[in-house]
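K.L.:
Here you go, one structure.
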Amino acid sequence: MRLPVRARGSPVSDRLRRAGDGRPLGSRPGVGTRRGALAVPTLLGVLVLLVVPVTAGAAPDSLAGTDDADAVELLTRSAGARDRISYQGTQYVSAWSTLRKSQASASAVVKVRHQAGGPTEVGVQDTQTAILHGESGTTWLADGGGPVDLLIGAYDVYLVGEASVAGRRADVVEARRADGSLAARLWLDRQTALSLRRETYTTAGQLLNASAFVDISITPAPTCCVRHHLESAWPSSPGRPAPAEPSGLRWEDITKLRENGFRCLETLGEDVVLYEARQLGDAVQLSYSDGVMSVSVFEQPGQLDPQRLDGYVPHEVGNGVVYTREGPPARFTWSSNGQVITVVADAPAEIVDDVLRAMPPENPEEVRQDDGLVARIGRGAQKVGSWLNPFG
Amino acid sequence: MKHLDERVSDLIDDRLDHDERDRALAHLASCESCREAVEMERFAKGVLRSLPGVDVPASLTDKLMALAEPAGPLPPDESSTDHADVAAWNVEAPSTSSVWAATGYGGTPHQTGSGRLFVDRHRRGLRVAAVGMASTGALLVVLATLGAPSNTGGDQPPGVVVPPMEQFTVEHARSTGGLPFAEPASVLVPTLGSDERGGGSPVGSQESGRGVGAADVAGSIVDAPASPSTGIAGE
């Protein structure tokens, strides 16, 4: 069932989009538009040939406000598919920047290997591996049972037809917004319900992300035989600093963090909800999703030093400055009320707007000046005042 | 003996004759309030002497003199066109204050009658101003010292931060990887993760040193022009 959706398209996102259109405040080192490779159109063309067109038409608008029961059942099966099966194959992944007018995009053909109930290993030419399966050690913070509830809470889902992906029959499920616009299209393996192909779209109908298996080998496997040795692969990657071991946070931990000045927003807008939080050193990672789009917000105590941000472009937003890197995924960082906020978004810019509204940016240069002599005198006066205050 | 009052300045500036000076010193030995007054004035004098030179505008000097002279502003001294340099007040001069000299009022502190009253009143005003300036400066210095980051303890303002963008992006990918329907664009991050370390090299750039490019089919990292095309028939 669909929850009400607020109006999208605020001036902030418009501003960021305009900024991405080549109107930065400063220089734009290292943010070149990456184009020119013909591989993406070529590979997309290959995908078109591999995939049989959807046989059914798009969901009729008359269905708006309802969820297709078959689609919900399929999605529920699909959500648990990775616990039941192992698979490996070749996947094509392409993404466009949230800052649409930046025209930045990136694509890769990756080798994917997943073991039932375990992590997913993603590699390129067997030289780079990454483990993508962040559930272990964390607590699901969102209401409801899991990702399916997020998805059907934010979107209307419909079973719209069938297709073929990598030689396997698939059911096609669409997630649509309240206005009927397409948010995501999923190709779910008919036999296992595994997601074989995915696409997400912005509110303007432009493609945001796309991925599809070019070939895949699926093997049902009992959970007893799942190996977790891949967990050690990530920290040992050459040349990559070992990240601090994150720890999952619960709601009581978040309450304490809020008492110490962390904002820890529970939702971004109405549909994008906090589903996971982790501590990363002195930073807190807050992961948000509506089931399809995902955004991570990092809160760190301190003031941003923009001079040491390499490749980030300043954009005026309100009275402050946001430093962006178009990605994908798009990254944003700014100072706000004694904290440095960093956002990594696989989502439309409107969702980033919600973060900006909740934690408006400051101008780090002005903040730095405020820490000069006047600020010191002010703090000294406050200190003397606290000494003289009998109730303090 | 009466309190020193106005003679404090004369004592500090060594403008008292021998007998007066002896009497003043004898009084200081037994009068704590006068000792404090002398110390205060010495402190103010020291602060003023340590200040950098400031040129006093002619208009300001004239206005000050007009305020001090009931009969109206004094006629300008043709012999002096330069105005006082505040930090250069020659308070060491035994008989002639450079203030007077600079403002064209070259009298001595040993005047009598109305002239003496005027000088005392003027001197008192300057003294109050000097003490006020010194006190304010000292107060600001004390507050600034108390408010310095090293003295604020738990209230210390947060330091300068440069977010570890690469690590944050990877952690975002980890979290998103746990969602079955979230778009897996984040898988590009670890495979293209050199963009941060490469000093701003764009994602997917062949300058990343990975040795991969558009021609590497099995593991290519390629740059794509923005295209809203989905490649899906029927759309």
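Ligands are numbered from 1 in the order shown, chains are lettered A, B, ... in the order of the structure tokens, and residues start at 1 in each chain.
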So which residues touch Gln285 in chain A within 8 Å, counting only C-alpha atoms, skipping near sequence neighbours fewer than 4 positions away, as a PyMOL selection string?

P.N.:
chain A and resi 277-280+296-299

K.L.:
Just all heavy atoms for this one: save the residues we selected as a PDB file, in the first residue's frame.

P.N.:
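Below you can see part.pdb, which holds the result:
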```
ATOM      1  N   ALA A 277      22.374   1.559  11.073  1.00  0.00           N
ATOM      2  CA  ALA A 277      23.315   2.589  11.548  1.00  0.00           C
ATOM      3  C   ALA A 277      24.547   1.889  12.095  1.00  0.00           C
ATOM      4  O   ALA A 277      24.459   0.838  12.736  1.00  0.00           O
ATOM      5  CB  ALA A 277      22.670   3.458  12.630  1.00  0.00           C
ATOM      6  N   ARG A 278      25.670   2.488  11.819  1.00  0.00           N
ATOM      7  CA  ARG A 278      26.936   1.915  12.278  1.00  0.00           C
ATOM      8  C   ARG A 278      27.876   3.005  12.752  1.00  0.00           C
ATOM      9  O   ARG A 278      27.809   4.144  12.286  1.00  0.00           O
ATOM     10  CB  ARG A 278      27.607   1.107  11.152  1.00  0.00           C
ATOM     11  CG  ARG A 278      26.843  -0.138  10.795  1.00  0.00           C
ATOM     12  CD  ARG A 278      27.608  -1.006   9.848  1.00  0.00           C
ATOM     13  NE  ARG A 278      27.586  -0.502   8.475  1.00  0.00           N
ATOM     14  CZ  ARG A 278      28.070  -1.165   7.444  1.00  0.00           C
ATOM     15  NH1 ARG A 278      28.600  -2.349   7.623  1.00  0.00           N
ATOM     16  NH2 ARG A 278      28.025  -0.660   6.238  1.00  0.00           N
ATOM     17  N   GLN A 279      28.742   2.617  13.670  1.00  0.00           N
ATOM     18  CA  GLN A 279      29.774   3.528  14.156  1.00  0.00           C
ATOM     19  C   GLN A 279      31.046   3.259  13.375  1.00  0.00           C
ATOM     20  O   GLN A 279      31.495   2.120  13.256  1.00  0.00           O
ATOM     21  CB  GLN A 279      30.017   3.291  15.651  1.00  0.00           C
ATOM     22  CG  GLN A 279      30.960   4.285  16.277  1.00  0.00           C
ATOM     23  CD  GLN A 279      30.240   5.502  16.843  1.00  0.00           C
ATOM     24  OE1 GLN A 279      29.173   5.357  17.420  1.00  0.00           O
ATOM     25  NE2 GLN A 279      30.819   6.669  16.666  1.00  0.00           N
ATOM     26  N   LEU A 280      31.635   4.333  12.836  1.00  0.00           N
ATOM     27  CA  LEU A 280      32.891   4.217  12.086  1.00  0.00           C
ATOM     28  C   LEU A 280      33.887   5.188  12.714  1.00  0.00           C
ATOM     29  O   LEU A 280      33.980   6.337  12.301  1.00  0.00           O
ATOM     30  CB  LEU A 280      32.679   4.582  10.616  1.00  0.00           C
ATOM     31  CG  LEU A 280      31.806   3.665   9.769  1.00  0.00           C
ATOM     32  CD1 LEU A 280      31.454   4.329   8.463  1.00  0.00           C
ATOM     33  CD2 LEU A 280      32.517   2.357   9.516  1.00  0.00           C
ATOM     34  N   SER A 296      23.431   6.990   2.052  1.00  0.00           N
ATOM     35  CA  SER A 296      24.145   6.906   3.333  1.00  0.00           C
ATOM     36  C   SER A 296      24.516   8.313   3.782  1.00  0.00           C
ATOM     37  O   SER A 296      25.040   9.104   2.999  1.00  0.00           O
ATOM     38  CB  SER A 296      25.416   6.055   3.201  1.00  0.00           C
ATOM     39  OG  SER A 296      25.086   4.688   3.079  1.00  0.00           O
ATOM     40  N   VAL A 297      24.222   8.599   5.034  1.00  0.00           N
ATOM     41  CA  VAL A 297      24.570   9.880   5.631  1.00  0.00           C
ATOM     42  C   VAL A 297      25.599   9.618   6.731  1.00  0.00           C
ATOM     43  O   VAL A 297      25.378   8.774   7.602  1.00  0.00           O
ATOM     44  CB  VAL A 297      23.332  10.582   6.228  1.00  0.00           C
ATOM     45  CG1 VAL A 297      23.738  11.895   6.908  1.00  0.00           C
ATOM     46  CG2 VAL A 297      22.298  10.843   5.140  1.00  0.00           C
ATOM     47  N   PHE A 298      26.704  10.330   6.662  1.00  0.00           N
ATOM     48  CA  PHE A 298      27.758  10.189   7.662  1.00  0.00           C
ATOM     49  C   PHE A 298      27.837  11.479   8.462  1.00  0.00           C
ATOM     50  O   PHE A 298      27.939  12.561   7.879  1.00  0.00           O
ATOM     51  CB  PHE A 298      29.104   9.901   6.995  1.00  0.00           C
ATOM     52  CG  PHE A 298      29.120   8.640   6.176  1.00  0.00           C
ATOM     53  CD1 PHE A 298      28.679   8.636   4.862  1.00  0.00           C
ATOM     54  CD2 PHE A 298      29.553   7.446   6.721  1.00  0.00           C
ATOM     55  CE1 PHE A 298      28.686   7.483   4.101  1.00  0.00           C
ATOM     56  CE2 PHE A 298      29.562   6.280   5.979  1.00  0.00           C
ATOM     57  CZ  PHE A 298      29.125   6.293   4.663  1.00  0.00           C
ATOM     58  N   GLU A 299      27.796  11.352   9.751  1.00  0.00           N
ATOM     59  CA  GLU A 299      27.911  12.516  10.630  1.00  0.00           C
ATOM     60  C   GLU A 299      29.224  12.409  11.410  1.00  0.00           C
ATOM     61  O   GLU A 299      29.496  11.378  12.034  1.00  0.00           O
ATOM     62  CB  GLU A 299      26.734  12.589  11.604  1.00  0.00           C
ATOM     63  CG  GLU A 299      25.388  12.803  10.931  1.00  0.00           C
ATOM     64  CD  GLU A 299      24.283  13.030  11.944  1.00  0.00           C
ATOM     65  OE1 GLU A 299      24.538  13.667  12.973  1.00  0.00           O
ATOM     66  OE2 GLU A 299      23.160  12.525  11.707  1.00  0.00           O
TER      67      GLU A 299
END
```

K.L.:
In Å, how far is it from CA of Leu28 in chain B to CA of Asp13 in chain B?

P.N.:
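These two atoms are separated by 15.8 Å.
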
K.L.:
List the spatial neighbours of range 265-272 of chain A as a ChimeraX atom specification - criterion: any atom at most 10 Å away, only C-alpha atoms, same-chain residues fewer than 5 positions off excluded.

P.N.:
/A:2-8,141-142,150-151,153-155,254,258,286-295,297,350-359

K.L.:
Extract, using only C-alpha atoms, all DNA, RNA and protein residues at most 6 Å from range 170-173 of chain B, discarding same-chain residues fewer than 3 positions from it, and format them as number ranges by chain.

P.N.:
A: 296; B: 167, 176-177, 186

K.L.:
Might you pull out every residue within 8 Å of Tyr158 in chain A, with only C-alpha atoms counted and same-chain residues fewer than 2 positions away left off, and present them as a PDB file with N, CA, C and O atoms, in the first residue's frame?

P.N.:
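Contents of the output file part01.pdb:
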```
ATOM      1  N   ALA A  59       2.043  -0.896 -16.261  1.00  0.00           N
ATOM      2  CA  ALA A  59       0.893  -0.969 -15.373  1.00  0.00           C
ATOM      3  C   ALA A  59      -0.067   0.168 -15.669  1.00  0.00           C
ATOM      4  O   ALA A  59       0.341   1.305 -15.822  1.00  0.00           O
ATOM      5  N   ASP A  67      -1.316  -2.513  -4.603  1.00  0.00           N
ATOM      6  CA  ASP A  67      -0.179  -3.370  -4.865  1.00  0.00           C
ATOM      7  C   ASP A  67      -0.702  -4.666  -5.471  1.00  0.00           C
ATOM      8  O   ASP A  67      -1.701  -5.234  -5.012  1.00  0.00           O
ATOM      9  N   ASP A  68       0.000  -5.113  -6.478  1.00  0.00           N
ATOM     10  CA  ASP A  68      -0.335  -6.378  -7.118  1.00  0.00           C
ATOM     11  C   ASP A  68       0.095  -7.509  -6.178  1.00  0.00           C
ATOM     12  O   ASP A  68       1.270  -7.606  -5.817  1.00  0.00           O
ATOM     13  N   ASP A  70       0.446 -10.643  -6.661  1.00  0.00           N
ATOM     14  CA  ASP A  70       1.460 -11.522  -7.246  1.00  0.00           C
ATOM     15  C   ASP A  70       2.842 -10.869  -7.194  1.00  0.00           C
ATOM     16  O   ASP A  70       3.846 -11.537  -6.945  1.00  0.00           O
ATOM     17  N   ALA A  71       2.855  -9.559  -7.431  1.00  0.00           N
ATOM     18  CA  ALA A  71       4.136  -8.854  -7.381  1.00  0.00           C
ATOM     19  C   ALA A  71       4.711  -8.869  -5.966  1.00  0.00           C
ATOM     20  O   ALA A  71       5.915  -9.086  -5.774  1.00  0.00           O
ATOM     21  N   ASP A 156       3.931   1.581  -5.460  1.00  0.00           N
ATOM     22  CA  ASP A 156       2.962   0.590  -5.895  1.00  0.00           C
ATOM     23  C   ASP A 156       3.694  -0.405  -6.794  1.00  0.00           C
ATOM     24  O   ASP A 156       4.446   0.005  -7.688  1.00  0.00           O
ATOM     25  N   VAL A 160       4.167  -6.991 -14.390  1.00  0.00           N
ATOM     26  CA  VAL A 160       3.772  -6.447 -15.687  1.00  0.00           C
ATOM     27  C   VAL A 160       4.074  -7.367 -16.850  1.00  0.00           C
ATOM     28  O   VAL A 160       3.717  -7.055 -17.987  1.00  0.00           O
ATOM     29  N   VAL A 173       8.659  -7.019 -12.662  1.00  0.00           N
ATOM     30  CA  VAL A 173       7.887  -6.283 -11.657  1.00  0.00           C
ATOM     31  C   VAL A 173       8.300  -4.808 -11.738  1.00  0.00           C
ATOM     32  O   VAL A 173       9.489  -4.505 -11.838  1.00  0.00           O
ATOM     33  N   GLU A 174       7.305  -3.972 -11.700  1.00  0.00           N
ATOM     34  CA  GLU A 174       7.580  -2.541 -11.713  1.00  0.00           C
ATOM     35  C   GLU A 174       7.147  -1.909 -10.399  1.00  0.00           C
ATOM     36  O   GLU A 174       6.118  -2.289  -9.816  1.00  0.00           O
ATOM     37  N   ALA A 175       7.920  -0.951  -9.955  1.00  0.00           N
ATOM     38  CA  ALA A 175       7.561  -0.141  -8.782  1.00  0.00           C
ATOM     39  C   ALA A 175       7.294   1.273  -9.286  1.00  0.00           C
ATOM     40  O   ALA A 175       8.155   1.874  -9.941  1.00  0.00           O
TER      41      ALA A 175
END
```

K.L.:
Kindly give the distance, in Å, that separates CA of Glu252 in chain A and CA of Gly80 in chain A, rounded to a single decimal.

P.N.:
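These atoms are spaced 28.1 Å apart.
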
K.L.:
Between CA of Cys34 in chain B and CA of Ser50 in chain B, what is the distance in Å, rounded to a tenth?

P.N.:
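We find that CA of Cys34 in chain B and CA of Ser50 in chain B lie 24.3 Å from each other.
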
K.L.:
Counting only C-alpha atoms, what is within 8 Å of Pro180 in chain B, bar same-chain residues fewer than 4 positions away, as JSON, numbers by chain?

P.N.:
{"A": [78, 79, 147, 195]}

K.L.:
Export, as a PDB file, in the first residue's frame, the selected residues with N, CA, C and O atoms.

P.N.:
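New file part.pdb:
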```pdb
ATOM      1  N   SER A  78      11.875 -13.085  -3.655  1.00  0.00           N
ATOM      2  CA  SER A  78      13.157 -12.583  -4.155  1.00  0.00           C
ATOM      3  C   SER A  78      14.042 -12.068  -3.020  1.00  0.00           C
ATOM      4  O   SER A  78      15.265 -12.233  -3.054  1.00  0.00           O
ATOM      5  N   ALA A  79      13.407 -11.457  -2.031  1.00  0.00           N
ATOM      6  CA  ALA A  79      14.195 -10.903  -0.926  1.00  0.00           C
ATOM      7  C   ALA A  79      14.964 -11.985  -0.190  1.00  0.00           C
ATOM      8  O   ALA A  79      16.037 -11.728   0.373  1.00  0.00           O
ATOM      9  N   PRO A 147      13.330  -5.261   3.619  1.00  0.00           N
ATOM     10  CA  PRO A 147      13.363  -4.444   2.397  1.00  0.00           C
ATOM     11  C   PRO A 147      12.056  -4.479   1.600  1.00  0.00           C
ATOM     12  O   PRO A 147      11.700  -3.484   0.970  1.00  0.00           O
ATOM     13  N   SER A 195      16.924 -11.622  -8.339  1.00  0.00           N
ATOM     14  CA  SER A 195      16.890 -10.460  -9.218  1.00  0.00           C
ATOM     15  C   SER A 195      18.010 -10.576 -10.252  1.00  0.00           C
ATOM     16  O   SER A 195      19.196 -10.586  -9.917  1.00  0.00           O
TER      17      SER A 195
END
```

K.L.:
With a distance cut-off of 10 Å and only C-alpha atoms, select the neighbouring residues of Asp5 in chain B, excluding the residue or stretch itself and same-chain residues fewer than 4 positions from it, and output the selection as an NGL selection string.

P.N.:
:B and (9-10 or 34 or 37-38 or 124)
